[in-house]
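Only one structure is covered here, and it is reproduced in the block below.
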Amino acid sequence: MSFTKVSSRVLNELARGLPADRTRRNEPLALHTYIKLGGPADFFTVVKSADELAGTVIDAEEAGVPWFILGGGSNILVGDLGFRGLVIKNEADKIATGRTEWYIPRNDGLVTVTAESGALLSQLASFAIDHGLAGLEPFMSVPGTVGGAIFNNSHFRPSQNEFIGNLVEEAEILFPRATLDDVSSMRSARNPRSLRRRLPVGEKTKVLSGSSSMISETPSSVRPVPFRVSRDWFRFSYDYSRLQEEKAVVLRVKFKLEKGDPEELRSKSLELLKQRNSYQPIGSLSCGCMWRNPKEAPAGKLIDETGLKGIRVGGMSVSQTHANFMVNDGTGKVGDVLELMARVKKRVKKYCGVELEPEIFMVGEFSHENMKT
Ligand SMILES: Cc1cc2nc3c(=O)[nH]c(=O)nc-3n(C[C@H](O)[C@H](O)[C@H](O)COP(=O)(O)OP(=O)(O)OC[C@H]3O[C@@H](n4cnc5c(N)ncnc54)[C@H](O)[C@@H]3O)c2cc1C
């Protein structure tokens, strides 16, 4: 891990432009992660709309301050030394509430619903069920935000093809780095097609109309604009979307859903919730599944077979309920997680010959040597 010191002058200047009542210095990230671990962020700010999210990312990028988008914090392990730069907590959670431009019934019988990326998946699923829209019921009980779900193509029962990516029609995303020069050239050339050719964003990318408020009138300070990308752009696969490789931020996502009966959808989602509660340590402090499922067998099964269920390091243990989860008894430390991960990985390699890969994302700075998990 590289230890980058961000100039406090630059940080303070950036922070002056952020809303004072929603911005804090040295905020412990343990307060914002499901596993309740993680050191402090130099600065922490909460955004309440997709446009504010875009503006904050652009400001940080232009100031040269490292930034990180925090959704529900349910799939990350933050280092004990925290994050040098700005953590942007995404609470942009607008979802269609009626027959507006956000909620469009179509001739093919499908209905599209658009959600800002900070909306909770449970909130979105509940909205869809209330409006008699089918498809999101399995995600009612998956923690986290729409943005986090798209980042990792969240799933419920992969064997039944229940991936969030399957429901996406298109999304609005921001490329805070790639577009700075390109947008300038577009403005001078006034030719969006030349921009499309130059951006590393795939064939179906469009410059969004109606977002002109984000383009400065002064050519020398032109700011990046959001782009609309189709589902194909994401290259969704198991635990993967292209966002993991591109420095891009999801602002809004348009889902296409079928019509259904609200009562039936509600009872289906409750049934799925019951199923989940029976085999996951719901209510415990965790990051969800720690490891991607290798092609040989589910990671939890391999860990279980090597006799590691219940093994403990400090305040962390491999869950007795589901061996792919590690749970914090409230006294766990980041170092305990890393050591436990190293032990599990080594044992599964030795007894099963399988190299486990973390599903969780490591964020920020870690002081521990066993970081190479
Ligand atoms: C008890 C428990 C059960 C779980 N069960 C499941 C399950 O059944 N299926 C499943 O798939 N997952 C499951 N998970 C994992 C987790 O819920 C999902 O991966 C979730 O989608 C993560 O969303 P988040 O908002 O919490 O993301 P975070 O953990 O906050 O962030 C994860 C990554 O996404 C990035 N990100 C977040 N928002 C954006 C954005 N707007 N634009 C760009 N990048 C962004 C972050 O920067 C980070 O790199 C579970 C987790 C827990 C704790």
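All residue names refer to the structure tokens as shown: chains lettered A, B, ... in order, residues numbered from 1 in each chain, ligands numbered from 1 in order.
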Neighbour list for range 241-245 of chain A as a ChimeraX atom specification, cut-off 7 Å, only C-alpha atoms, skip fewer than 2 positions in-chain: /A:150-153,234-237,247-248
Nearest to Gly38 in chain A by atom-to-atom distance, counting only C-alpha atoms, from A:Thr23, A:Thr56, A:Asn324, A:Ser367: A:Ser367
Minimum-distance residue to Trp67 in chain A, chosen among A:Leu31, A:Ser154, A:Glu263, A:Val363 (using only C-alpha atoms):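 So, comparing all the options, the nearest one is A:Val363.
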Minimum-distance residue to ligand 1, chosen among A:Leu308, A:Leu124, A:Val225, A:Val250 (using only C-alpha atoms and all ligand atoms):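 Of A:Leu308, A:Leu124, A:Val225, A:Val250, the one nearest ligand 1, counting only C-alpha atoms and all ligand atoms, is A:Val250.
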Of the listed residues A:Lys259, A:Lys94, A:Arg9, A:Arg276, that which approaches ligand 1 most closely, counting only C-alpha atoms and all ligand atoms: A:Arg276
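The residue that comes closest to ligand 1, out of A:Ala299, A:Val146, A:Val46, A:Ala96 and on the basis of only C-alpha atoms and all ligand atoms, is A:Val146.
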Shell around Tyr279 in chain A at 7 Å using only C-alpha atoms, local window under 4 positions removed, as a PyMOL selection string: chain A and resi 275+321-322
Please save N, CA, C and O atoms of the selected residues as a PDB file, in the first residue's frame.
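Generated file (again32.pdb):
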```pdb
ATOM      1  N   GLN A 275     -35.502 -17.472   3.686  1.00  0.00           N
ATOM      2  CA  GLN A 275     -34.444 -18.390   3.219  1.00  0.00           C
ATOM      3  C   GLN A 275     -33.072 -17.842   3.591  1.00  0.00           C
ATOM      4  O   GLN A 275     -32.227 -18.535   4.116  1.00  0.00           O
ATOM      5  N   THR A 321     -22.554 -20.081  10.882  1.00  0.00           N
ATOM      6  CA  THR A 321     -23.758 -20.200  10.048  1.00  0.00           C
ATOM      7  C   THR A 321     -23.395 -20.353   8.578  1.00  0.00           C
ATOM      8  O   THR A 321     -24.010 -21.126   7.850  1.00  0.00           O
ATOM      9  N   HIS A 322     -22.393 -19.591   8.122  1.00  0.00           N
ATOM     10  CA  HIS A 322     -22.012 -19.606   6.705  1.00  0.00           C
ATOM     11  C   HIS A 322     -20.507 -19.343   6.655  1.00  0.00           C
ATOM     12  O   HIS A 322     -20.049 -18.250   6.998  1.00  0.00           O
TER      13      HIS A 322
END
```
Surrounding residues of Ile88 in chain A excluding itself and chain neighbours under 2 positions, 7 Å, only C-alpha atoms, as number ranges by chain: A: 44-47, 68-70, 86, 90
Contacts of range 166-175 of chain A within 7 Å, only C-alpha atoms, excl. fewer than 2 positions in-chain, as a ChimeraX atom specification: /A:54,163-164,177-179,225-231,247-257
Deliver the residues from the most recent selection as a file, using C-alpha atoms, as a compact mmCIF listing (two decimals), in the first residue's frame.
```
# COMPACT_ATOMS: atom_id res chain seq x y z
CA ALA A 54 -20.98 14.39 -9.52
CA PHE A 163 -28.05 -10.75 -10.84
CA ILE A 164 -28.84 -7.05 -10.50
CA ARG A 177 -10.63 11.88 -15.30
CA ALA A 178 -11.04 10.77 -18.86
CA THR A 179 -13.30 13.54 -19.96
CA VAL A 225 -20.32 15.80 -17.97
CA PRO A 226 -22.21 12.59 -17.17
CA PHE A 227 -22.63 9.96 -19.88
CA ARG A 228 -25.43 7.56 -20.51
CA VAL A 229 -24.23 4.01 -21.06
CA SER A 230 -26.19 0.91 -21.96
CA ARG A 231 -26.17 -2.29 -19.93
CA LYS A 247 -12.45 5.24 -12.53
CA ALA A 248 -16.14 5.99 -13.04
CA VAL A 249 -19.00 6.94 -10.75
CA VAL A 250 -22.56 5.70 -11.13
CA LEU A 251 -25.02 8.55 -10.73
CA ARG A 252 -28.38 7.05 -11.72
CA VAL A 253 -29.52 3.65 -12.94
CA LYS A 254 -32.54 2.85 -15.07
CA PHE A 255 -34.01 -0.60 -14.39
CA LYS A 256 -36.50 -2.40 -16.60
CA LEU A 257 -39.09 -4.39 -14.69
```
Near-Arg292 in chain A list (6 Å; only C-alpha atoms; drop same-chain fewer than 2 positions) as a ChimeraX atom specification: /A:357-359
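Remark: for ligand 1, the closest of the candidate residues A:Glu91, A:Asp108, A:Asp261, A:Glu305 is A:Glu91 (distances computed over only C-alpha atoms and all ligand atoms).
Taking CA of Ser317 in chain A and CA of Pro138 in chain A as endpoints, the distance between them is 27.5 Å.
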Range 143-145 of chain A surroundings by only C-alpha atoms, 8 Å radius, close-in-sequence under 6 positions cut, as a ChimeraX atom specification: /A:71-74,117-122
Just the selected residues (C-alpha atoms), exported as an mmCIF file, in the first residue's frame, please.
```cif
data_model
loop_
_atom_site.group_PDB
_atom_site.id
_atom_site.type_symbol
_atom_site.label_atom_id
_atom_site.label_comp_id
_atom_site.auth_asym_id
_atom_site.auth_seq_id
_atom_site.Cartn_x
_atom_site.Cartn_y
_atom_site.Cartn_z
ATOM 1 C CA GLY A 71 -22.274 3.360 -0.416
ATOM 2 C CA GLY A 72 -23.681 1.236 2.396
ATOM 3 C CA GLY A 73 -20.181 0.085 3.405
ATOM 4 C CA SER A 74 -21.355 -3.547 3.278
ATOM 5 C CA SER A 117 -27.148 5.489 -6.979
ATOM 6 C CA GLY A 118 -27.317 6.131 -3.226
ATOM 7 C CA ALA A 119 -30.790 4.575 -2.924
ATOM 8 C CA LEU A 120 -30.715 1.438 -0.796
ATOM 9 C CA LEU A 121 -31.464 -1.757 -2.703
ATOM 10 C CA SER A 122 -34.095 -2.602 -0.086
#
```
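Here atom 15 (C, counted along the ligand's line) of ligand 1 stands at a distance of 6.8 Å from CA of Val142 in chain A.
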DSSP-assigned helix (DSSP H, G or I) among range 74-137 of chain A, expressed as an MDAnalysis selection string: chainID A and resid 121:130 137
Saved selection, atoms kept: C-alpha atoms, as a JSON list (two decimals), in the first residue's frame:
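What ended up in result.json:
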```
[["chain", "number", "residue", "atom", "x", "y", "z"],
["A", 121, "LEU", "CA", -31.46, -1.76, -2.70],
["A", 122, "SER", "CA", -34.09, -2.60, -0.09],
["A", 123, "GLN", "CA", -35.71, 0.81, -0.62],
["A", 124, "LEU", "CA", -35.75, 0.30, -4.40],
["A", 125, "ALA", "CA", -37.12, -3.26, -4.13],
["A", 126, "SER", "CA", -39.80, -2.08, -1.74],
["A", 127, "PHE", "CA", -40.74, 0.78, -4.09],
["A", 128, "ALA", "CA", -41.01, -1.65, -7.01],
["A", 129, "ILE", "CA", -43.17, -4.10, -5.06],
["A", 130, "ASP", "CA", -45.52, -1.33, -3.90],
["A", 137, "GLU", "CA", -37.80, -9.05, -4.91]]
```
Expected answer as a list of chain:residue names: strand (DSSP E) residues in range 202-339 of chain A: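 Written out, the strand (DSSP E) residues of range 202-339 of chain A are A:Lys206, A:Val207, A:Phe227, A:Arg228, A:Val229, A:Ser230, A:Val249, A:Val250, A:Leu251, A:Arg252, A:Val253, A:Lys254, A:Phe255, A:Lys256, A:Leu257, A:Glu258, A:Lys259, A:Arg312, A:Val313, A:Met316, A:Ser317, A:Val318, A:Met326, A:Val327, A:Asn328.
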Would you save the residues of that selection, restricted to C-alpha atoms, as an mmCIF file, in the first residue's frame?
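Generated output (result-v1.cif):
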```
data_model
loop_
_atom_site.group_PDB
_atom_site.id
_atom_site.type_symbol
_atom_site.label_atom_id
_atom_site.label_comp_id
_atom_site.auth_asym_id
_atom_site.auth_seq_id
_atom_site.Cartn_x
_atom_site.Cartn_y
_atom_site.Cartn_z
ATOM 1 C CA LYS A 206 -23.959 9.115 -25.386
ATOM 2 C CA VAL A 207 -23.247 12.594 -24.153
ATOM 3 C CA PHE A 227 -22.629 9.961 -19.876
ATOM 4 C CA ARG A 228 -25.435 7.555 -20.507
ATOM 5 C CA VAL A 229 -24.227 4.009 -21.058
ATOM 6 C CA SER A 230 -26.192 0.913 -21.962
ATOM 7 C CA VAL A 249 -19.001 6.937 -10.746
ATOM 8 C CA VAL A 250 -22.564 5.697 -11.130
ATOM 9 C CA LEU A 251 -25.022 8.551 -10.734
ATOM 10 C CA ARG A 252 -28.382 7.053 -11.724
ATOM 11 C CA VAL A 253 -29.519 3.647 -12.941
ATOM 12 C CA LYS A 254 -32.542 2.851 -15.071
ATOM 13 C CA PHE A 255 -34.006 -0.603 -14.385
ATOM 14 C CA LYS A 256 -36.496 -2.403 -16.598
ATOM 15 C CA LEU A 257 -39.088 -4.391 -14.691
ATOM 16 C CA GLU A 258 -42.112 -6.519 -15.501
ATOM 17 C CA LYS A 259 -45.583 -5.909 -14.176
ATOM 18 C CA ARG A 312 -11.113 -17.325 15.656
ATOM 19 C CA VAL A 313 -8.456 -14.606 15.592
ATOM 20 C CA MET A 316 -13.081 -12.102 14.452
ATOM 21 C CA SER A 317 -14.230 -15.601 13.576
ATOM 22 C CA VAL A 318 -15.338 -17.635 10.575
ATOM 23 C CA MET A 326 -16.352 -13.585 8.972
ATOM 24 C CA VAL A 327 -18.071 -12.000 11.937
ATOM 25 C CA ASN A 328 -16.893 -9.358 14.357
#
```
Atomic separation - CA of Arg25 in chain A relative to CA of Gly39 in chain A, Å: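 Computing it gives 12.3 Å between the two atoms.
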